[in-house]
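K.L.:
Handing you this structure, nothing more for now.
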Amino acid sequence: MVQKWPANLDFAKRYVSEKLLKEMLSYLARNPEKNIDRLIDILRMLARQENHRQQVEAIRQSLDAYPAMRQLAEDGLKNTHPNVLQRLVCNWAINNALMGIPRQRQLSESLGFNVPNTILIDPTSACNLRCEGCWAGEYAKHDVLEPELIDRILGEAKELGIYWIVLSGGEPLLYPHLFDLMDKHNDMTFMAYTNGTLIDDKAADKIVEVGNFSPAISLEGWEEHTDRRRGNGIFRQVTSAMDRLRERGAIFGISLTATRENVEEITSDSFIDFLAEKGTRYGWIFHYIPIGRNPNPDLMLTPEQRTYMAERVPYIRTNWPLILADFWNDGELTQGCIAGGRRYFHITASGAVQPCAFVHFSTDNIRDKSLRDILQSPLFAAYQKRQPFCNDHLRPCPIIDVPAALRDIVVECGARPTHEGAETALNGEIGKFLDHRSAAWAAAVEGLRAKNSPRACQ
């Protein structure tokens with residue numbers, strides 16, 4: 001009985017915390033305009049630790065200083081389906097944050113290797129579209145992870161305190177076992193990068209029914225840019241899917257690829273207004289990287305455009321009811337690159353384990369090793385001993401910011417390309433272009449830092 005007590009204690013803590021949070025969410029949803037402030041007062045009185053009081057105060061200041069954040073909170077409480085609000089939010093707040101992250105940190109210390117916060121999994125490489133420049137476009141077209149294998153991965157993840165899973169592909173909604181796995185692992189939070197074309201009425205109903213799933217739908221801007229890259233009629237299909245999700249009270253986000261051609265469009269006032277009106281709660285911005293299908297370096301952001309993004313995205317976050325993340329320019333928030341098992345890693349539909357979605361090199365396959373063994377791979381060790389790749393976190397990435405680091409990592413651990421042509425990111429014309437562009441961005445960052453002490457790369 002003594003050996004089982006810690007597990008029982010964790011279960012009791014989770015049960016009580018979830019019950020309290022559900023009651024709290026129900027209370028808030030009845031009158032969010034008034035009850036949010038009342039709840040913050042209560043939380044501040046109940047907080048025992050100084051860091052918790054500081055966190056509560058930071059939430060209060062954000063809601064007071066930025067009306068858009070208050071609007072996001074109030075709208076979310078009023079317009080989200082109760083099943084989604086309770087299951088998605090409870091899993092995220094209790095299992096992921098309150099219980100999961102401390103366990104990840106504890107195990108990282110006791111086991112001697114880093115336990116990340118999330119895993120990116122491709123259930124299938126199949127896709128119903130053929131988007132120009134797709135980062136995954138050169139993977140084999142019919143790879144698939146067996147449901148038993150994904151079930152094993154999810155079980156091993158929870159043993160390590162990982163309760164947040166991100167899905168990609170291919171098109172994850174083509175995977176026939178997707179909702180069954182989410183239902184079985186209903187204590188986890190799932191998010192999927194999806195093209196959105198398969199979210200019909202039936203799929204939208206199922207998303208609300210399982211409750212613990214949030215799709216992040218891909219757009220390239222307005223109809224012209226989206227259809228040019230994804231196919232005729234895709235923009236209208238996607239916006240119809242967003243309408244279905246909003247009407248049912250689902251929580252969904254957006255996935256935007258910033259290119260030299262569309263960066264001002266996807267960050268314009270009118271487009272962000274459109275996203276907010278459609279009910280989008282969060283968004284991810286990816287900078288185009290010349291990998292995958294028909295890589296085109298000319299589509300990469302110029303240093304001037306990336307500088308614009310570094311200023312524009314924080315402005316959007318504080319003036320619209322939409323949480324928007326810029327993976328590369330938000331390096332200061334994440335203290336550098338999050339890949340390579342530091343905060344996440346990527347499992348392809350073939351089972352190959354990659355440092356991230358954009359680094360198509362691997363030393364191991366999840367079919368051959370447990371999750372614990374994977375996290376001790378030589379590839380992850382080579383990655384993590386170099387992180388951060390640059391002391392200035394506006395230059396976090398070993399692909400586009402410090403490309404020499406990625407070359408060194410691949411040589412050191414003997415990593416192999418996960419598809420034909422992946423090596424072009426290291427050498428040849430694309431490799432030379434990345435060297436040139438990374439140097440130009442370094443100079444631009446130095447200009448941004450001119451008023452402060454410049455920070456050099458390691």
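Starting from 1 in every chain, residues are counted up; chains themselves are A, B, ... following the order of the structure tokens, and ligands are numbered from 1 as listed.
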Please provide as number ranges by chain all residues within 9 Å of Cys337 of chain A, with the sequence filter that same-chain residues fewer than 3 positions apart are discarded (counting only C-alpha atoms).
P.N.:
A: 327-328, 331, 334, 340, 342-343, 387-389, 393, 395-398
K.L.:
Now that the selection is made, can you save its residues with N, CA and C atoms as an mmCIF file, in the first residue's frame?
P.N.:
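As written to disk, selection-v2.cif reads:
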data_model
loop_
_atom_site.group_PDB
_atom_site.id
_atom_site.type_symbol
_atom_site.label_atom_id
_atom_site.label_comp_id
_atom_site.auth_asym_id
_atom_site.auth_seq_id
_atom_site.Cartn_x
_atom_site.Cartn_y
_atom_site.Cartn_z
ATOM 1 N N PHE A 327 6.547 31.614 -34.195
ATOM 2 C CA PHE A 327 7.513 30.626 -33.708
ATOM 3 C C PHE A 327 8.934 31.143 -33.643
ATOM 4 N N TRP A 328 9.388 31.821 -34.683
ATOM 5 C CA TRP A 328 10.804 32.219 -34.716
ATOM 6 C C TRP A 328 11.042 33.522 -33.959
ATOM 7 N N GLY A 331 11.243 33.774 -29.965
ATOM 8 C CA GLY A 331 12.308 33.052 -29.278
ATOM 9 C C GLY A 331 12.643 33.615 -27.912
ATOM 10 N N THR A 334 10.433 31.935 -25.376
ATOM 11 C CA THR A 334 10.734 30.522 -25.128
ATOM 12 C C THR A 334 12.196 30.282 -24.761
ATOM 13 N N GLY A 340 14.137 19.422 -30.532
ATOM 14 C CA GLY A 340 15.148 18.465 -30.109
ATOM 15 C C GLY A 340 14.888 17.855 -28.753
ATOM 16 N N ARG A 342 13.739 19.434 -26.181
ATOM 17 C CA ARG A 342 13.766 20.415 -25.090
ATOM 18 C C ARG A 342 12.344 20.718 -24.619
ATOM 19 N N ARG A 343 11.483 21.094 -25.538
ATOM 20 C CA ARG A 343 10.067 21.294 -25.218
ATOM 21 C C ARG A 343 9.165 20.427 -26.087
ATOM 22 N N GLN A 387 21.865 24.214 -27.237
ATOM 23 C CA GLN A 387 20.775 25.181 -27.023
ATOM 24 C C GLN A 387 21.087 26.089 -25.844
ATOM 25 N N PRO A 388 20.827 27.384 -25.979
ATOM 26 C CA PRO A 388 20.338 28.065 -27.180
ATOM 27 C C PRO A 388 21.443 28.164 -28.232
ATOM 28 N N PHE A 389 21.024 28.111 -29.484
ATOM 29 C CA PHE A 389 21.997 28.150 -30.574
ATOM 30 C C PHE A 389 22.608 29.531 -30.739
ATOM 31 N N HIS A 393 17.979 35.680 -28.579
ATOM 32 C CA HIS A 393 16.864 34.794 -28.872
ATOM 33 C C HIS A 393 16.012 35.244 -30.052
ATOM 34 N N ARG A 395 17.372 35.079 -32.724
ATOM 35 C CA ARG A 395 18.024 34.178 -33.683
ATOM 36 C C ARG A 395 18.051 32.764 -33.090
ATOM 37 N N PRO A 396 16.871 32.144 -32.918
ATOM 38 C CA PRO A 396 16.817 30.883 -32.179
ATOM 39 C C PRO A 396 17.069 29.626 -33.004
ATOM 40 N N CYS A 397 16.928 29.677 -34.334
ATOM 41 C CA CYS A 397 16.743 28.468 -35.138
ATOM 42 C C CYS A 397 18.034 27.970 -35.788
ATOM 43 N N PRO A 398 18.344 26.679 -35.660
ATOM 44 C CA PRO A 398 19.546 26.142 -36.305
ATOM 45 C C PRO A 398 19.380 25.894 -37.797
#
K.L.:
Considering only C-alpha atoms, tabulate each residue of segment 339-414 of chain A that lies at most 10 Å from segment 123-144 of chain A along with its nearest interatomic pair and the corresponding distance in Å to one decimal; arrange the rows by chain and ascending residue number and present them as CSV.
P.N.:
residue,atom,partner,partner_atom,distance
A:Ile347,CA,A:Pro123,CA,8.7
A:Thr348,CA,A:Pro123,CA,7.6
A:Ala349,CA,A:Val144,CA,4.9
A:Ser350,CA,A:Asp143,CA,5.3
A:Gly351,CA,A:Val144,CA,8.3
A:Ala357,CA,A:Trp135,CA,8.1
A:Phe358,CA,A:Trp135,CA,7.0
A:Val359,CA,A:Trp135,CA,10.0
A:His360,CA,A:Ala136,CA,9.2
K.L.:
Write out, as a JSON list (two decimals), in the first residue's frame, the residues just selected, with all heavy atoms.
P.N.:
[["chain", "number", "residue", "atom", "x", "y", "z"],
["A", 347, "ILE", "N", 7.42, 13.01, -34.40],
["A", 347, "ILE", "CA", 7.38, 11.64, -34.86],
["A", 347, "ILE", "C", 6.64, 11.62, -36.20],
["A", 347, "ILE", "O", 5.46, 11.98, -36.27],
["A", 347, "ILE", "CB", 6.67, 10.71, -33.86],
["A", 347, "ILE", "CG1", 7.37, 10.73, -32.51],
["A", 347, "ILE", "CG2", 6.61, 9.28, -34.41],
["A", 347, "ILE", "CD1", 6.65, 9.94, -31.42],
["A", 348, "THR", "N", 7.32, 11.22, -37.26],
["A", 348, "THR", "CA", 6.68, 11.19, -38.57],
["A", 348, "THR", "C", 5.80, 9.96, -38.71],
["A", 348, "THR", "O", 5.83, 9.04, -37.88],
["A", 348, "THR", "CB", 7.73, 11.17, -39.70],
["A", 348, "THR", "OG1", 8.35, 9.87, -39.74],
["A", 348, "THR", "CG2", 8.80, 12.24, -39.48],
["A", 349, "ALA", "N", 5.01, 9.91, -39.80],
["A", 349, "ALA", "CA", 4.12, 8.78, -40.04],
["A", 349, "ALA", "C", 4.88, 7.49, -40.33],
["A", 349, "ALA", "O", 4.31, 6.40, -40.27],
["A", 349, "ALA", "CB", 3.17, 9.10, -41.19],
["A", 350, "SER", "N", 6.18, 7.59, -40.63],
["A", 350, "SER", "CA", 7.00, 6.39, -40.80],
["A", 350, "SER", "C", 7.58, 5.91, -39.47],
["A", 350, "SER", "O", 8.22, 4.85, -39.42],
["A", 350, "SER", "CB", 8.15, 6.68, -41.78],
["A", 350, "SER", "OG", 9.10, 7.57, -41.20],
["A", 351, "GLY", "N", 7.38, 6.71, -38.42],
["A", 351, "GLY", "CA", 7.95, 6.38, -37.12],
["A", 351, "GLY", "C", 9.28, 7.04, -36.85],
["A", 351, "GLY", "O", 9.81, 6.96, -35.74],
["A", 357, "ALA", "N", 9.54, 19.66, -36.78],
["A", 357, "ALA", "CA", 8.84, 19.41, -38.04],
["A", 357, "ALA", "C", 9.66, 19.81, -39.25],
["A", 357, "ALA", "O", 9.42, 19.30, -40.35],
["A", 357, "ALA", "CB", 7.51, 20.17, -38.04],
["A", 358, "PHE", "N", 10.62, 20.71, -39.06],
["A", 358, "PHE", "CA", 11.35, 21.27, -40.20],
["A", 358, "PHE", "C", 12.77, 20.73, -40.34],
["A", 358, "PHE", "O", 13.44, 21.03, -41.31],
["A", 358, "PHE", "CB", 11.37, 22.79, -40.09],
["A", 358, "PHE", "CG", 9.99, 23.38, -39.98],
["A", 358, "PHE", "CD1", 9.50, 23.78, -38.74],
["A", 358, "PHE", "CD2", 9.17, 23.50, -41.08],
["A", 358, "PHE", "CE1", 8.22, 24.30, -38.62],
["A", 358, "PHE", "CE2", 7.89, 24.01, -40.98],
["A", 358, "PHE", "CZ", 7.41, 24.42, -39.74],
["A", 359, "VAL", "N", 13.24, 19.97, -39.37],
["A", 359, "VAL", "CA", 14.56, 19.35, -39.45],
["A", 359, "VAL", "C", 14.34, 17.88, -39.82],
["A", 359, "VAL", "O", 14.00, 17.06, -38.97],
["A", 359, "VAL", "CB", 15.33, 19.46, -38.12],
["A", 359, "VAL", "CG1", 16.65, 18.70, -38.20],
["A", 359, "VAL", "CG2", 15.59, 20.93, -37.79],
["A", 360, "HIS", "N", 14.53, 17.56, -41.09],
["A", 360, "HIS", "CA", 14.17, 16.23, -41.60],
["A", 360, "HIS", "C", 15.37, 15.28, -41.56],
["A", 360, "HIS", "O", 15.81, 14.75, -42.58],
["A", 360, "HIS", "CB", 13.61, 16.37, -43.00],
["A", 360, "HIS", "CG", 12.32, 17.13, -43.05],
["A", 360, "HIS", "ND1", 11.61, 17.36, -44.21],
["A", 360, "HIS", "CD2", 11.58, 17.71, -42.05],
["A", 360, "HIS", "CE1", 10.51, 18.05, -43.93],
["A", 360, "HIS", "NE2", 10.50, 18.28, -42.63]]
K.L.:
Work out how far atom CA of Ser168 of chain A is from atom CA of Tyr193 of chain A, in Å to one decimal.
P.N.:
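Atom-to-atom, atom CA of Tyr193 of chain A and atom CA of Ser168 of chain A are spaced 5.2 Å apart.
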K.L.:
Using only C-alpha atoms, which residues sit within 7 Å of segment 296-304 of chain A once same-chain residues fewer than 2 positions away are excluded, as a PyMOL selection string?
P.N.:
chain A and resi 259-261+288-290+294+306-308+430+440-441+444
K.L.:
Which residues of segment 145-257 of chain A come within 10 Å of segment 116-121 of chain A, and for each one, what is the closest pair of atoms and their distance in Å to one decimal, counting only C-alpha atoms, sorted by chain and residue number, as a tab-separated table?
P.N.:
residue	atom	partner	partner_atom	distance
A:Leu145	CA	A:Ile121	CA	9.2
A:Ile150	CA	A:Ile121	CA	8.6
A:Ile153	CA	A:Ile121	CA	9.6
A:Leu154	CA	A:Ile119	CA	9.4
A:Ala157	CA	A:Ile119	CA	8.5
A:Leu160	CA	A:Pro116	CA	8.9
A:Gly161	CA	A:Asn117	CA	8.0
A:Ile162	CA	A:Asn117	CA	5.7
A:Tyr163	CA	A:Thr118	CA	7.2
A:Trp164	CA	A:Thr118	CA	5.2
A:Ile165	CA	A:Ile119	CA	5.3
A:Val166	CA	A:Leu120	CA	4.7
A:Leu167	CA	A:Ile121	CA	4.9
A:Ser168	CA	A:Ile121	CA	6.1
A:Gly169	CA	A:Ile121	CA	7.7
A:Pro172	CA	A:Ile121	CA	9.2
A:Thr189	CA	A:Thr118	CA	9.9
A:Phe190	CA	A:Thr118	CA	9.9
A:Met191	CA	A:Leu120	CA	9.4
A:Ala192	CA	A:Leu120	CA	9.1
A:Tyr193	CA	A:Leu120	CA	10.0
K.L.:
Please identify the strand (DSSP E) residues within segment 191-328 of chain A (assignment by DSSP from backbone atoms) and present them as an MDAnalysis selection string.
P.N.:
chainID A and resid 191:194 213:219 253:258 282:287 323:326
K.L.:
Write out the residues from the selection above, keeping N, CA and C atoms, as a short mmCIF file (atom, residue, chain, number, x, y, z; two decimals), in the first residue's frame.
P.N.:
data_model
loop_
_atom_site.label_atom_id
_atom_site.label_comp_id
_atom_site.auth_asym_id
_atom_site.auth_seq_id
_atom_site.Cartn_x
_atom_site.Cartn_y
_atom_site.Cartn_z
N MET A 191 -4.26 18.90 -30.18
CA MET A 191 -4.42 19.95 -31.17
C MET A 191 -3.90 19.40 -32.49
N ALA A 192 -4.53 19.78 -33.60
CA ALA A 192 -4.08 19.28 -34.90
C ALA A 192 -3.94 20.42 -35.89
N TYR A 193 -2.84 20.41 -36.63
CA TYR A 193 -2.70 21.28 -37.79
C TYR A 193 -3.43 20.59 -38.94
N THR A 194 -4.47 21.22 -39.47
CA THR A 194 -5.32 20.60 -40.47
C THR A 194 -5.63 21.59 -41.59
N PHE A 213 -10.23 18.21 -28.11
CA PHE A 213 -9.54 18.38 -29.38
C PHE A 213 -9.79 19.77 -29.94
N SER A 214 -8.70 20.42 -30.38
CA SER A 214 -8.80 21.74 -30.99
C SER A 214 -8.05 21.74 -32.32
N PRO A 215 -8.75 21.96 -33.45
CA PRO A 215 -8.07 22.05 -34.74
C PRO A 215 -7.48 23.44 -34.98
N ALA A 216 -6.30 23.48 -35.58
CA ALA A 216 -5.69 24.73 -36.03
C ALA A 216 -5.66 24.68 -37.55
N ILE A 217 -6.48 25.51 -38.19
CA ILE A 217 -6.76 25.41 -39.61
C ILE A 217 -5.81 26.29 -40.42
N SER A 218 -5.31 25.74 -41.52
CA SER A 218 -4.32 26.45 -42.33
C SER A 218 -4.97 27.41 -43.32
N LEU A 219 -4.44 28.62 -43.38
CA LEU A 219 -4.79 29.61 -44.39
C LEU A 219 -3.51 30.31 -44.84
N GLY A 253 -8.15 27.19 -33.75
CA GLY A 253 -7.15 28.20 -34.06
C GLY A 253 -6.85 28.25 -35.54
N ILE A 254 -5.79 28.96 -35.86
CA ILE A 254 -5.40 29.16 -37.25
C ILE A 254 -3.90 28.88 -37.38
N SER A 255 -3.49 28.40 -38.54
CA SER A 255 -2.09 28.18 -38.85
C SER A 255 -1.75 28.96 -40.10
N LEU A 256 -0.79 29.88 -40.00
CA LEU A 256 -0.44 30.77 -41.10
C LEU A 256 1.03 30.60 -41.46
N THR A 257 1.32 30.46 -42.74
CA THR A 257 2.70 30.43 -43.19
C THR A 257 3.05 31.78 -43.79
N ALA A 258 3.97 32.48 -43.16
CA ALA A 258 4.37 33.81 -43.62
C ALA A 258 5.43 33.67 -44.71
N TYR A 282 -6.88 31.38 -31.27
CA TYR A 282 -5.41 31.42 -31.22
C TYR A 282 -4.87 31.19 -32.62
N GLY A 283 -3.61 31.48 -32.81
CA GLY A 283 -3.00 31.28 -34.12
C GLY A 283 -1.50 31.04 -34.01
N TRP A 284 -0.99 30.29 -34.95
CA TRP A 284 0.45 30.03 -35.07
C TRP A 284 0.94 30.59 -36.40
N ILE A 285 2.02 31.34 -36.36
CA ILE A 285 2.64 31.82 -37.59
C ILE A 285 3.98 31.10 -37.79
N PHE A 286 4.11 30.45 -38.94
CA PHE A 286 5.35 29.79 -39.33
C PHE A 286 6.01 30.60 -40.43
N HIS A 287 7.29 30.84 -40.31
CA HIS A 287 8.02 31.47 -41.40
C HIS A 287 8.32 30.40 -42.45
N ILE A 323 -4.88 35.12 -29.52
CA ILE A 323 -3.52 34.83 -29.07
C ILE A 323 -2.72 34.33 -30.27
N LEU A 324 -1.76 35.10 -30.69
CA LEU A 324 -0.99 34.80 -31.90
C LEU A 324 0.47 34.58 -31.55
N ALA A 325 1.01 33.44 -31.96
CA ALA A 325 2.41 33.09 -31.69
C ALA A 325 3.20 33.09 -32.98
N ASP A 326 4.38 33.69 -32.94
CA ASP A 326 5.31 33.71 -34.07
C ASP A 326 6.50 32.84 -33.66
#
K.L.:
Among segment 5-141 of chain A, which ones does DSSP place in helix (DSSP H, G or I), written as a ChimeraX atom specification?
P.N.:
/A:5-30,32-46,50-65,67-79,82-111
